Amino acid sequence: MKLHTHFPYGEFAPDDAAFIIHSPEPPKPWTNHCWNQHFLAIVGQDGQGSSMKQDEQGRRFRLLVSRLIHMVDESGVHSIHGLPVGDAPLHFRCIHKPGSTQIITTVRGLTFSWMIFVPPGESCEIWQLNITNPSIQQKREFSIIASGDTALGERQDITSLWASYNPKQEMLKASNVIRHGSWYHHATEGKTEEAFLLSSWPIEQYDCRRQAIYGCYGNARNPQGLLNTEGLTNTPAEFEYVMLSAEHRLQLPPGERITMAWALGNYEDDEQVKRIRALLTKDHGQEALEQTEKSNLELASAISVKSPEKAFNAYMGPWLAHQLRFNATWARIYYNGFRDLCQDNGNLAFLHVQQAMHSMKEVLSHQYANGHAPRAWAEGSLIEQDYADSAVWMIEAVHNIVMEEGREDFLHQFVPFVDSGSGTVLEHCRRAMNHLWNDRGSHGLCCIHGGDWNDMLNGVGTQGRGESVWLSMAFARALRFYTHLLQITHAPELEQEQAETWRQTMLQALESYGWDGRWYCRAFTDSGRPLGSAKEREGRCFLNSQAWAVLCGLENTTRLQEAMDEAEKRLSTPYGYATVAPPYRNYDSQIGYISAVRPGTNTNGGIYVHSNAFKALADCLLQRNDAAWATIEQILPFSEVRLPVQGPPYSIPNSYFAPSSSHRKGDYGGAWITGTAGWLHTVIVNHIFGLQPTMAGLEIHPHLPSHWKTASIRRPFRGAVYSISYQREKQRTTLAVLVDGRPCEGILLPWEKGQEFAVTVLLPFQDSAVKKRTTNNVTAPPSPS
């Protein structure tokens with residue numbers, strides 16, 4: 001399968017550090033995400049997109065809904081970033097990098113370069129605009145109008161919304177009273193959410209009204225108000241939607257260039273304004289931009305790979321890691337999902353363990369003292385949806401952190417519970433395992449209640465009797481990691497034995513009741529009806545049950561191979577593996593929402609990419625190396641099955657549409673926001689390349705596809721750096737490892753802080769386990785030893 005670097009609307013940059021877009025109108029918005037811990041800016045290829053602040057309680061306050069810069073000259077109003085306002089740009093290019101977006105255009109003989117980024121530590125975004133007059137003779141006179149369309153008032157209402165120019169601070173400022181509860185409630189503590197616009201140039205004219213730019217009926221692509229007035233009128237806003245707009249009148253001699261800068265952010269205090277104003281100076285602004293781009297690129301490219309697939313190499317460093325970092329920091333943007341952040345930060349541990357530790361402590365602080373965990377939290381409140389799986393994800397995340405660190409210190413740190421008391425990280429894990437063990441049904445399997453990984457199975461266990469086969473598999477996998485954590489901390493032998501007994505009991509229940517004859521079923525309803533069963537007319541075979549049968553360590557290899565073969569036969573599509581087949585087409589209250597949504601979409605038979613990453617991992621553990629790579633290839637956003645490309649090729653989506661979804665088959669689901677990025681990165685690094693952290697050090701368990709004759713990876717680990725190359729040798733039958741040219745006994749690499757090791761991994765020219773897809777050489781979940 002061919003993987004592409006070039007597309008009709010853009011391409012991966014030759015140095016792999018950027019993605020270049022050549023058109024202001026690709027099929028969908030091709031966005032970048034720029035952020036720090038406090039502020040997020042989503043920036044499209046034309047500058048459009050929203051931004052928001054996050055406070056210490058994880059509450060998000062949306063600041064902008066769009067960004068606009070217009071140039072006004074004697075001919076009228078023109079967009080300088082590709083919107084269809086005035087003359088179309090003679091040239092257009094958008095360069096997305098981790099941490100910044102640059103839009104370069106030529107409009108009416110002037111060259112514009114607009115840079116957008118989020119500086120370190122501040123709750124704002126910064127715009128830098130370079131304007132060049134390439135003419136040899138003609139001086140140009142024009143105005144630049146920069147506008148930030150705010151979201152103030154959209155979160156509640158505009159009753160108390162106002163904005164004006166503050167001459168003392170030389171900035172535009174907007175304010176709205178924060179109210180609590182539904183929009184029709186007036187409960188307030190008198191606090192306000194405020195926004196500002198600062199400029200490096202004197203603000204000669206301003207307007208704070210959205211209507212001044214859009215008019216009554218316009219929008220970003222048709223700014224009727226500005227088209228009618230061709231300038232601003234020094235008008236504040238009162239009880240109306242706010243767009244902060246600043247006008248600057250300029251003269252630009254031939255051959256000259258000028259630089260302008262603006263900052264838009266959530267106002268905190270005057271000291272913040274002073275700090276940010278300093279960033280608008282040329283030297284400080286350039287320094288902040290360089291620091292932002294450098295740190296983002298270094299973090300996203302900490303692990304780099306080289307393979308025969310050029311597009312894959314460009315994607316791995318930096319884009320996949322960049323997307324993983326985004327999800328681990330900003331979760332699902334408008335809420336913080338407990339299970340989402342557990343998975344994202346558990347996978348982030350292999351890239352940036354310190355951030356993962358910090359984030360996981362915040363996640364664990366939302367767990368209840370009884371071991372249960374909520375679905376999410378937002379706006380300072382917990383979100384309960386009666387899903388049963390949130391707590392199960394924390395164990396592997398914690399285990400990943402401990403393995404990456406090689407120390408047990410993290411397990412002994414105290415973290416509060418959300419309702420009462422506190423406990424060590426290990427105690428949080430202990431209570432989660434106890435909670436799941438004590439919440440089992442008549443088959444000895446975990447109860448599903450209002451859903452599990454699949455939110456849409458929300459009718460299966462509403463009476464408290466329904467059971468989830470998948471969650472029971474996830475619980476068995478978590479128990480393996482939990483048992484190892486108990487061993488590391490020298491917990492009482494009785495407790496270790498109990499955890500292992502629980503795991504064996506769960507595995508036995510899965511074999512006794514989960515096996516349906518040719519594959520593993522998905523769940524049992526409150527009435528005891530098996531779902532994901534050959535007995536069902538719809539929803540007969542689920543992908544997760546087959547993949548997680550392998551992931552959880554079930555030992556009947558004949559069943560595992562048969563289940564995965566059935567999954568490939570029944571769930572394979574040209575665009576990836578469907579979550580379930582056949583999809584539901586008739587609503588069933590015993591099943592829930594999944595049976596009501598359109599067939600072939602989302603988890604009702606859609607190509608939900610998260611599940612495909614699980615399958616690729618299962619293939620690796622079964623030594624089906626080529627099948628693992630084929631699964632990964634199919635879901636990559638730049639593979640040939642994506643053509644003609646719709647969504648951004650540098651961002652893995654949460655799903656694709658299946659053939660059963662009619663005209664949208666193969667189309668791109670939502671970009672950026674998905675746990676797939678983390679799982680896919682871990683599958684590639686820890687399993688395809690085979691670099692698995694253990695307490696003793698880094699072990700090598702590669703599962704490279706057979707057509708890769710050479711490959712390499714660079715991986716920092718506990719203060720050392722490993723440069724690892726893989727080579728296939730024709731006469732070789734076993735794996736061999738050389739470190740700095742000398743044979744290494746076994747698969748554990750030597751370690752010394754501050755050292756760089758050159759490692760060569762010699763592989764058989766053709767893996768028999770790859771060619772023979774029904775081998776019984778099954779590897780359980782990665783050994784925690």
# chains A, B, ... in the order shown; residues from 1 in each chain; ligands from 1
>>> residues_around(residues="Gln128 of chain A", least_positions_apart="4", cutoff="10 Å", atoms="only C-alpha atoms", output="NGL selection string")
:A and (102 or 113-117 or 200 or 259-263 or 280 or 282 or 285-286 or 289)
>>> select_by_dssp(residues="segment 283-532 of chain A", states="alpha helix (DSSP H)", output="PyMOL selection string")
chain A and resi 283-300+310-314+321-330+338-348+353-364+393-405+425-437+469-488+493-509
>>> atom_distance(atom1="atom CA of Pro254 of chain A", atom2="atom CA of Asp87 of chain A")
21.0 Å
>>> closest_residue(among="A:Trp35, A:Phe92, A:Tyr267, A:Trp201", to="Asn176 of chain A", atoms="only C-alpha atoms")
A:Tyr267
>>> closest_atom_pairs(of="segment 529-560 of chain A", to="segment 622-634 of chain A", cutoff="9 Å", atoms="only C-alpha atoms", output="Markdown table")
| residue | atom | partner | partner_atom | distance |
| --- | --- | --- | --- | --- |
| A:Val550 | CA | A:Leu622 | CA | 7.7 |
| A:Thr557 | CA | A:Leu622 | CA | 8.9 |
| A:Leu560 | CA | A:Leu622 | CA | 8.6 |
>>> write_last_selection(atoms="C-alpha atoms", output="mmCIF file, in the first residue's frame")
data_model
loop_
_atom_site.group_PDB
_atom_site.id
_atom_site.type_symbol
_atom_site.label_atom_id
_atom_site.label_comp_id
_atom_site.auth_asym_id
_atom_site.auth_seq_id
_atom_site.Cartn_x
_atom_site.Cartn_y
_atom_site.Cartn_z
ATOM 1 C CA VAL A 550 -5.076 -11.332 22.940
ATOM 2 C CA THR A 557 -3.953 -19.958 21.207
ATOM 3 C CA LEU A 560 -7.139 -16.514 19.697
#
>>> closest_atom_pairs(of="segment 616-732 of chain A", to="segment 563-581 of chain A", cutoff="12 Å", atoms="only C-alpha atoms", output="Markdown table")
| residue | atom | partner | partner_atom | distance |
| --- | --- | --- | --- | --- |
| A:Ala616 | CA | A:Tyr577 | CA | 10.5 |
| A:Leu617 | CA | A:Met564 | CA | 11.9 |
| A:Ala618 | CA | A:Met564 | CA | 8.6 |
| A:Asp619 | CA | A:Met564 | CA | 8.3 |
| A:Cys620 | CA | A:Met564 | CA | 12.0 |
| A:Leu621 | CA | A:Met564 | CA | 11.7 |
| A:Leu622 | CA | A:Met564 | CA | 9.5 |
| A:Arg624 | CA | A:Met564 | CA | 10.3 |
| A:Ala627 | CA | A:Glu568 | CA | 9.5 |
| A:Ala628 | CA | A:Glu568 | CA | 11.5 |
| A:Trp629 | CA | A:Gly576 | CA | 11.9 |
| A:Ala630 | CA | A:Gly576 | CA | 9.3 |
| A:Thr631 | CA | A:Gly576 | CA | 6.8 |
| A:Ile632 | CA | A:Gly576 | CA | 8.7 |
| A:Glu633 | CA | A:Gly576 | CA | 8.8 |
| A:Gln634 | CA | A:Gly576 | CA | 5.4 |
| A:Ile635 | CA | A:Gly576 | CA | 5.9 |
| A:Leu636 | CA | A:Gly576 | CA | 9.5 |
| A:Pro637 | CA | A:Tyr575 | CA | 10.4 |
| A:Phe638 | CA | A:Tyr575 | CA | 11.8 |
| A:Ser639 | CA | A:Tyr575 | CA | 9.6 |
| A:Glu640 | CA | A:Tyr575 | CA | 9.6 |
| A:Val641 | CA | A:Tyr575 | CA | 6.1 |
| A:Arg642 | CA | A:Tyr575 | CA | 7.6 |
| A:Leu643 | CA | A:Tyr575 | CA | 10.6 |
| A:Ser655 | CA | A:Gly576 | CA | 9.6 |
| A:Tyr656 | CA | A:Tyr575 | CA | 7.4 |
| A:Phe657 | CA | A:Tyr575 | CA | 8.1 |
| A:Ala658 | CA | A:Ala578 | CA | 7.0 |
| A:Pro659 | CA | A:Thr573 | CA | 7.4 |
| A:Ser660 | CA | A:Thr573 | CA | 9.9 |
| A:Ser661 | CA | A:Ala578 | CA | 11.5 |
| A:Arg664 | CA | A:Tyr575 | CA | 11.7 |
| A:Lys665 | CA | A:Tyr575 | CA | 8.3 |
| A:Gly666 | CA | A:Tyr575 | CA | 5.8 |
| A:Asp667 | CA | A:Tyr575 | CA | 9.1 |
| A:Tyr668 | CA | A:Tyr575 | CA | 10.3 |
>>> closest_residue(among="A:His4, A:Met243, A:Asp269, A:Thr105", to="Ser66 of chain A", atoms="only C-alpha atoms")
A:Met243
>>> residues_around(residues="Gln343 of chain A", least_positions_apart="5", cutoff="9 Å", atoms="only C-alpha atoms", output="PyMOL selection string")
chain A and resi 328+338+348+393-394+396-397+675+678-679
>>> write_last_selection(atoms="N, CA and C atoms", output="PDB file, in the first residue's frame")
ATOM      1  N   ALA A 328      -2.922  14.616  25.539  1.00  0.00           N
ATOM      2  CA  ALA A 328      -2.545  14.395  26.928  1.00  0.00           C
ATOM      3  C   ALA A 328      -2.633  15.685  27.742  1.00  0.00           C
ATOM      4  N   PHE A 338     -11.756  11.199  32.135  1.00  0.00           N
ATOM      5  CA  PHE A 338     -10.902  10.404  33.028  1.00  0.00           C
ATOM      6  C   PHE A 338     -10.197   9.310  32.247  1.00  0.00           C
ATOM      7  N   LEU A 348       1.852   8.821  26.770  1.00  0.00           N
ATOM      8  CA  LEU A 348       2.819   9.916  26.805  1.00  0.00           C
ATOM      9  C   LEU A 348       4.013   9.575  27.689  1.00  0.00           C
ATOM     10  N   TRP A 393      -8.518   1.953  33.251  1.00  0.00           N
ATOM     11  CA  TRP A 393      -7.441   2.485  32.419  1.00  0.00           C
ATOM     12  C   TRP A 393      -6.269   3.014  33.241  1.00  0.00           C
ATOM     13  N   MET A 394      -6.497   3.358  34.498  1.00  0.00           N
ATOM     14  CA  MET A 394      -5.445   4.007  35.276  1.00  0.00           C
ATOM     15  C   MET A 394      -4.288   3.076  35.592  1.00  0.00           C
ATOM     16  N   GLU A 396      -2.705   0.597  33.807  1.00  0.00           N
ATOM     17  CA  GLU A 396      -1.655   0.512  32.792  1.00  0.00           C
ATOM     18  C   GLU A 396      -0.922   1.842  32.666  1.00  0.00           C
ATOM     19  N   ALA A 397      -1.645   2.960  32.804  1.00  0.00           N
ATOM     20  CA  ALA A 397      -0.999   4.269  32.735  1.00  0.00           C
ATOM     21  C   ALA A 397       0.050   4.409  33.836  1.00  0.00           C
ATOM     22  N   GLY A 675      -7.871   9.192  21.293  1.00  0.00           N
ATOM     23  CA  GLY A 675      -6.856   8.421  21.988  1.00  0.00           C
ATOM     24  C   GLY A 675      -6.028   7.553  21.062  1.00  0.00           C
ATOM     25  N   GLY A 678      -2.123   8.261  20.854  1.00  0.00           N
ATOM     26  CA  GLY A 678      -1.270   7.670  21.874  1.00  0.00           C
ATOM     27  C   GLY A 678      -1.050   6.186  21.677  1.00  0.00           C
ATOM     28  N   TRP A 679      -2.141   5.468  21.445  1.00  0.00           N
ATOM     29  CA  TRP A 679      -2.011   4.017  21.262  1.00  0.00           C
ATOM     30  C   TRP A 679      -1.184   3.698  20.019  1.00  0.00           C
TER      31      TRP A 679
END
>>> atom_distance(atom1="atom CA of Glu495 of chain A", atom2="atom CA of Glu467 of chain A")
25.8 Å
>>> residues_around(residues="Cys429 of chain A", least_positions_apart="4", cutoff="8 Å", atoms="only C-alpha atoms", output="JSON list (two decimals) with N, CA, C and O atoms, in the first residue's frame")
[["chain", "number", "residue", "atom", "x", "y", "z"],
["A", 371, "GLY", "N", -13.10, 3.70, 44.82],
["A", 371, "GLY", "CA", -12.41, 3.12, 43.68],
["A", 371, "GLY", "C", -13.04, 3.44, 42.34],
["A", 371, "GLY", "O", -12.38, 3.34, 41.30],
["A", 394, "MET", "N", -6.50, 3.36, 34.50],
["A", 394, "MET", "CA", -5.44, 4.01, 35.28],
["A", 394, "MET", "C", -4.29, 3.08, 35.59],
["A", 394, "MET", "O", -3.15, 3.51, 35.75],
["A", 395, "ILE", "N", -4.54, 1.77, 35.66],
["A", 395, "ILE", "CA", -3.51, 0.84, 36.10],
["A", 395, "ILE", "C", -2.36, 0.77, 35.08],
["A", 395, "ILE", "O", -1.19, 0.88, 35.43],
["A", 425, "VAL", "N", -0.56, 6.65, 45.20],
["A", 425, "VAL", "CA", -0.94, 6.25, 43.84],
["A", 425, "VAL", "C", -1.26, 4.75, 43.81],
["A", 425, "VAL", "O", -2.23, 4.31, 43.18],
["A", 433, "MET", "N", -9.05, -1.67, 41.51],
["A", 433, "MET", "CA", -9.13, -3.10, 41.27],
["A", 433, "MET", "C", -10.19, -3.75, 42.18],
["A", 433, "MET", "O", -10.97, -4.61, 41.74],
["A", 482, "TYR", "N", -1.17, -4.62, 37.59],
["A", 482, "TYR", "CA", -1.34, -4.33, 39.02],
["A", 482, "TYR", "C", -0.53, -5.32, 39.87],
["A", 482, "TYR", "O", 0.13, -4.92, 40.85]]
>>> select_by_dssp(residues="segment 140-316 of chain A", states="strand (DSSP E or B)", output="VMD selection string")
chain A and resid 140 to 150 162 to 166 171 to 179 188 to 199 205 to 209 219 222 235 237 to 238 242 to 252 257 to 266 304 to 306
>>> residues_around(residues="Glu268 of chain A", least_positions_apart="2", cutoff="12 Å", atoms="only C-alpha atoms", output="MDAnalysis selection string")
chainID A and resid 53 55 122:124 173 175 191:196 265:266 270:276
>>> residues_around(residues="Ala478 of chain A", least_positions_apart="2", cutoff="12 Å", atoms="only C-alpha atoms", output="PyMOL selection string")
chain A and resi 389+391-400+429-430+432-434+436-437+471-476+480-485+499-500+502-503+506+548+551-553+781-782+784
>>> atom_distance(atom1="atom CA of Lys615 of chain A", atom2="atom CA of Phe542 of chain A")
11.4 Å
>>> closest_residue(among="A:Leu129, A:Leu264, A:Ala613, A:Ala41", to="Val683 of chain A", atoms="only C-alpha atoms")
A:Ala613
>>> residues_around(residues="Gln755 of chain A", least_positions_apart="5", cutoff="9 Å", atoms="only C-alpha atoms", output="list in words")
Gly719, Ala720, Val721 and Tyr722 of chain A
>>> write_last_selection(atoms="N, CA and C atoms", output="mmCIF file, in the first residue's frame")
data_model
loop_
_atom_site.group_PDB
_atom_site.id
_atom_site.type_symbol
_atom_site.label_atom_id
_atom_site.label_comp_id
_atom_site.auth_asym_id
_atom_site.auth_seq_id
_atom_site.Cartn_x
_atom_site.Cartn_y
_atom_site.Cartn_z
ATOM 1 N N GLY A 719 17.816 9.224 30.573
ATOM 2 C CA GLY A 719 19.043 10.015 30.502
ATOM 3 C C GLY A 719 20.081 9.483 29.544
ATOM 4 N N ALA A 720 19.854 8.323 28.958
ATOM 5 C CA ALA A 720 20.715 7.793 27.901
ATOM 6 C C ALA A 720 19.985 7.940 26.566
ATOM 7 N N VAL A 721 20.712 7.757 25.475
ATOM 8 C CA VAL A 721 20.113 7.823 24.146
ATOM 9 C C VAL A 721 20.529 6.572 23.371
ATOM 10 N N TYR A 722 19.559 5.949 22.730
ATOM 11 C CA TYR A 722 19.808 4.749 21.929
ATOM 12 C C TYR A 722 19.536 5.052 20.460
#
>>> closest_residue(among="A:Ala376, A:Leu299, A:Ile401, A:Val685", to="Gly346 of chain A", atoms="only C-alpha atoms")
A:Ile401
